[in-house]
Amino acid sequence: MKKKYSFCLLVMVLFIVICTGCISDRTPEKVTIPDGQFSNYEINLSADNLTNSTTYYLHTDKKNKTTQAVTTIVNTSTLNITIQKDISAHAKSKEEYGIEDLVIVANFSCDNKSDRSNFSSLSNTSYNTSYYESSTTKMISIEFAQPTTGFVACSFSGEYGYFFQLLKRNETIIVVLPPKHSTGNIILGGITKPKKPDETYTDENNRLCLLWNNPYPDKTIVDVRYYKSILPAILSITVLVLGTCLLIISLYYSNEIRKLRKKRELIDPKIK
């Protein structure tokens, strides 16, 4: 009886621990993320009036499934980058931290300001990176020696046609779709969360951009499902062709039925 009670107690404890995610949680550890190439990212060093924001550039390379994130930080001491585990499962980073090709271009803030005239493709600030994970996410924490203003860019794995990102700070979010891609057609699964972007526009590279102004903390996720821009036209043509075929078939059978009725009317009097 005691063995049975102990076994049940052990099962309950394990169940509670698994549900709370304690088994998979890890304490933060100091790590080194391999540096990336500045030229691989779209970073505007001459931009004025910098504000906290992150721009996600989605790409159509189905083999690498790469998403690039460029974050603008203003007078920031710590930046946390959170990646869903299922999204980063195939990340190329040898250390399996979920991100790769880290680029930081920033200066220490002075009196809550930063001398942006000194921005270059090389970082002028020092920082430490640490990593920890939970049962569902991977988080990379970048800690600067002093409040810093500038840009932080990295790459991570993402599924083609589907973008999902947890929000952890109050900032402007911009999602840049690949060229010749769109969203918004519910029939094609093109949904966005939050439902309606604050602004939608096309950039100089003819890419559709979705912008949300400071959605956090009211919203905690950004979810965008997109498709090739030509698909709605293909769908419309397909529906039109199928509709036309259905109409032709209906007219054909209606005509055949009328002919059969006439034949029957001619045969019935002779039988009588």
# chains A, B, ... in the order shown; residues from 1 in each chain; ligands from 1
>>> select_by_dssp(residues="range 72-256 of chain A", states="strand (DSSP E or B)", output="PyMOL selection string")
chain A and resi 72-84+100-108+110+113+127-133+137-157+162-166+172-176+181-182+192-193+199-202+208-212+221-225+227-228
>>> atom_distance(atom1="CA of Glu171 in chain A", atom2="CA of Trp212 in chain A")
8.7 Å
>>> select_by_dssp(residues="range 134-245 of chain A", states="alpha helix (DSSP H)", output="list in words")
Leu231, Pro232, Ala233, Ile234, Leu235, Ser236, Ile237, Thr238, Val239, Leu240, Val241, Leu242, Gly243, Thr244 and Cys245 of chain A
>>> residues_around(residues="Pro197 in chain A", least_positions_apart="4", cutoff="10 Å", atoms="only C-alpha atoms", output="MDAnalysis selection string")
chainID A and resid 173:175 192:193 209:213 215
>>> residues_around(residues="Phe108 in chain A", least_positions_apart="3", cutoff="7 Å", atoms="only C-alpha atoms", output="PDB file with all heavy atoms, in the first residue's frame")
ATOM      1  N   SER A 114      22.885  59.956 -28.261  1.00  0.00           N
ATOM      2  CA  SER A 114      24.004  59.244 -28.868  1.00  0.00           C
ATOM      3  C   SER A 114      24.491  60.023 -30.066  1.00  0.00           C
ATOM      4  O   SER A 114      23.707  60.577 -30.828  1.00  0.00           O
ATOM      5  CB  SER A 114      23.576  57.840 -29.286  1.00  0.00           C
ATOM      6  OG  SER A 114      24.633  57.193 -29.959  1.00  0.00           O
ATOM      7  N   THR A 125      30.722  49.854 -28.950  1.00  0.00           N
ATOM      8  CA  THR A 125      30.250  49.610 -27.596  1.00  0.00           C
ATOM      9  C   THR A 125      30.582  48.181 -27.197  1.00  0.00           C
ATOM     10  O   THR A 125      30.766  47.304 -28.048  1.00  0.00           O
ATOM     11  CB  THR A 125      28.723  49.829 -27.509  1.00  0.00           C
ATOM     12  OG1 THR A 125      28.310  49.687 -26.158  1.00  0.00           O
ATOM     13  CG2 THR A 125      27.971  48.817 -28.354  1.00  0.00           C
ATOM     14  N   GLN A 146      26.912  50.224 -20.758  1.00  0.00           N
ATOM     15  CA  GLN A 146      26.225  51.475 -20.450  1.00  0.00           C
ATOM     16  C   GLN A 146      24.994  51.573 -21.351  1.00  0.00           C
ATOM     17  O   GLN A 146      24.897  50.858 -22.358  1.00  0.00           O
ATOM     18  CB  GLN A 146      27.141  52.676 -20.711  1.00  0.00           C
ATOM     19  CG  GLN A 146      28.422  52.701 -19.897  1.00  0.00           C
ATOM     20  CD  GLN A 146      29.280  53.898 -20.261  1.00  0.00           C
ATOM     21  OE1 GLN A 146      28.787  54.929 -20.721  1.00  0.00           O
ATOM     22  NE2 GLN A 146      30.586  53.768 -20.071  1.00  0.00           N
ATOM     23  N   PRO A 147      24.054  52.473 -20.996  1.00  0.00           N
ATOM     24  CA  PRO A 147      22.928  52.708 -21.913  1.00  0.00           C
ATOM     25  C   PRO A 147      23.434  53.028 -23.313  1.00  0.00           C
ATOM     26  O   PRO A 147      24.348  53.835 -23.488  1.00  0.00           O
ATOM     27  CB  PRO A 147      22.203  53.897 -21.272  1.00  0.00           C
ATOM     28  CG  PRO A 147      22.513  53.768 -19.819  1.00  0.00           C
ATOM     29  CD  PRO A 147      23.930  53.261 -19.755  1.00  0.00           C
ATOM     30  N   THR A 148      22.829  52.376 -24.305  1.00  0.00           N
ATOM     31  CA  THR A 148      23.368  52.392 -25.666  1.00  0.00           C
ATOM     32  C   THR A 148      22.281  52.723 -26.674  1.00  0.00           C
ATOM     33  O   THR A 148      21.117  52.375 -26.496  1.00  0.00           O
ATOM     34  CB  THR A 148      23.980  51.011 -25.993  1.00  0.00           C
ATOM     35  OG1 THR A 148      25.044  50.764 -25.063  1.00  0.00           O
ATOM     36  CG2 THR A 148      24.530  50.963 -27.399  1.00  0.00           C
ATOM     37  N   THR A 149      22.702  53.398 -27.739  1.00  0.00           N
ATOM     38  CA  THR A 149      21.797  53.704 -28.856  1.00  0.00           C
ATOM     39  C   THR A 149      22.427  53.196 -30.148  1.00  0.00           C
ATOM     40  O   THR A 149      23.625  53.393 -30.371  1.00  0.00           O
ATOM     41  CB  THR A 149      21.544  55.219 -28.958  1.00  0.00           C
ATOM     42  OG1 THR A 149      20.860  55.665 -27.789  1.00  0.00           O
ATOM     43  CG2 THR A 149      20.715  55.552 -30.190  1.00  0.00           C
TER      44      THR A 149
END
>>> closest_atom_pairs(of="range 181-228 of chain A", to="range 234-258 of chain A", cutoff="12 Å", atoms="only C-alpha atoms", output="CSV")
residue,atom,partner,partner_atom,distance
A:Asn185,CA,A:Leu235,CA,10.9
A:Ile187,CA,A:Leu235,CA,9.4
A:Leu188,CA,A:Leu235,CA,8.9
A:Lys228,CA,A:Ile234,CA,10.3
>>> closest_residue(among="A:Thr136, A:Ser182, A:Glu199, A:Arg261", to="Pro232 in chain A", atoms="only C-alpha atoms")
A:Ser182
>>> closest_atom_pairs(of="range 113-189 of chain A", to="range 216-220 of chain A", cutoff="10 Å", atoms="only C-alpha atoms", output="tab-separated table")
residue	atom	partner	partner_atom	distance
A:Gln165	CA	A:Thr220	CA	8.6
A:Leu166	CA	A:Thr220	CA	6.0
A:Leu167	CA	A:Thr220	CA	4.9
A:Lys168	CA	A:Thr220	CA	7.2
A:Arg169	CA	A:Tyr216	CA	6.2
A:Asn170	CA	A:Tyr216	CA	5.0
A:Glu171	CA	A:Tyr216	CA	7.2
A:Thr172	CA	A:Tyr216	CA	9.0
A:Ile173	CA	A:Tyr216	CA	9.6
>>> residues_around(residues="Asn128 in chain A", least_positions_apart="5", cutoff="10 Å", atoms="only C-alpha atoms", output="number ranges by chain")
A: 30-33, 78, 141-145
>>> closest_residue(among="A:Ile99, A:Ile104, A:Ile230, A:Ile83", to="His181 in chain A", atoms="only C-alpha atoms")
A:Ile230
>>> residues_around(residues="Asn205 in chain A", least_positions_apart="4", cutoff="12 Å", atoms="only C-alpha atoms", output="PyMOL selection string")
chain A and resi 42+176-180+201+209
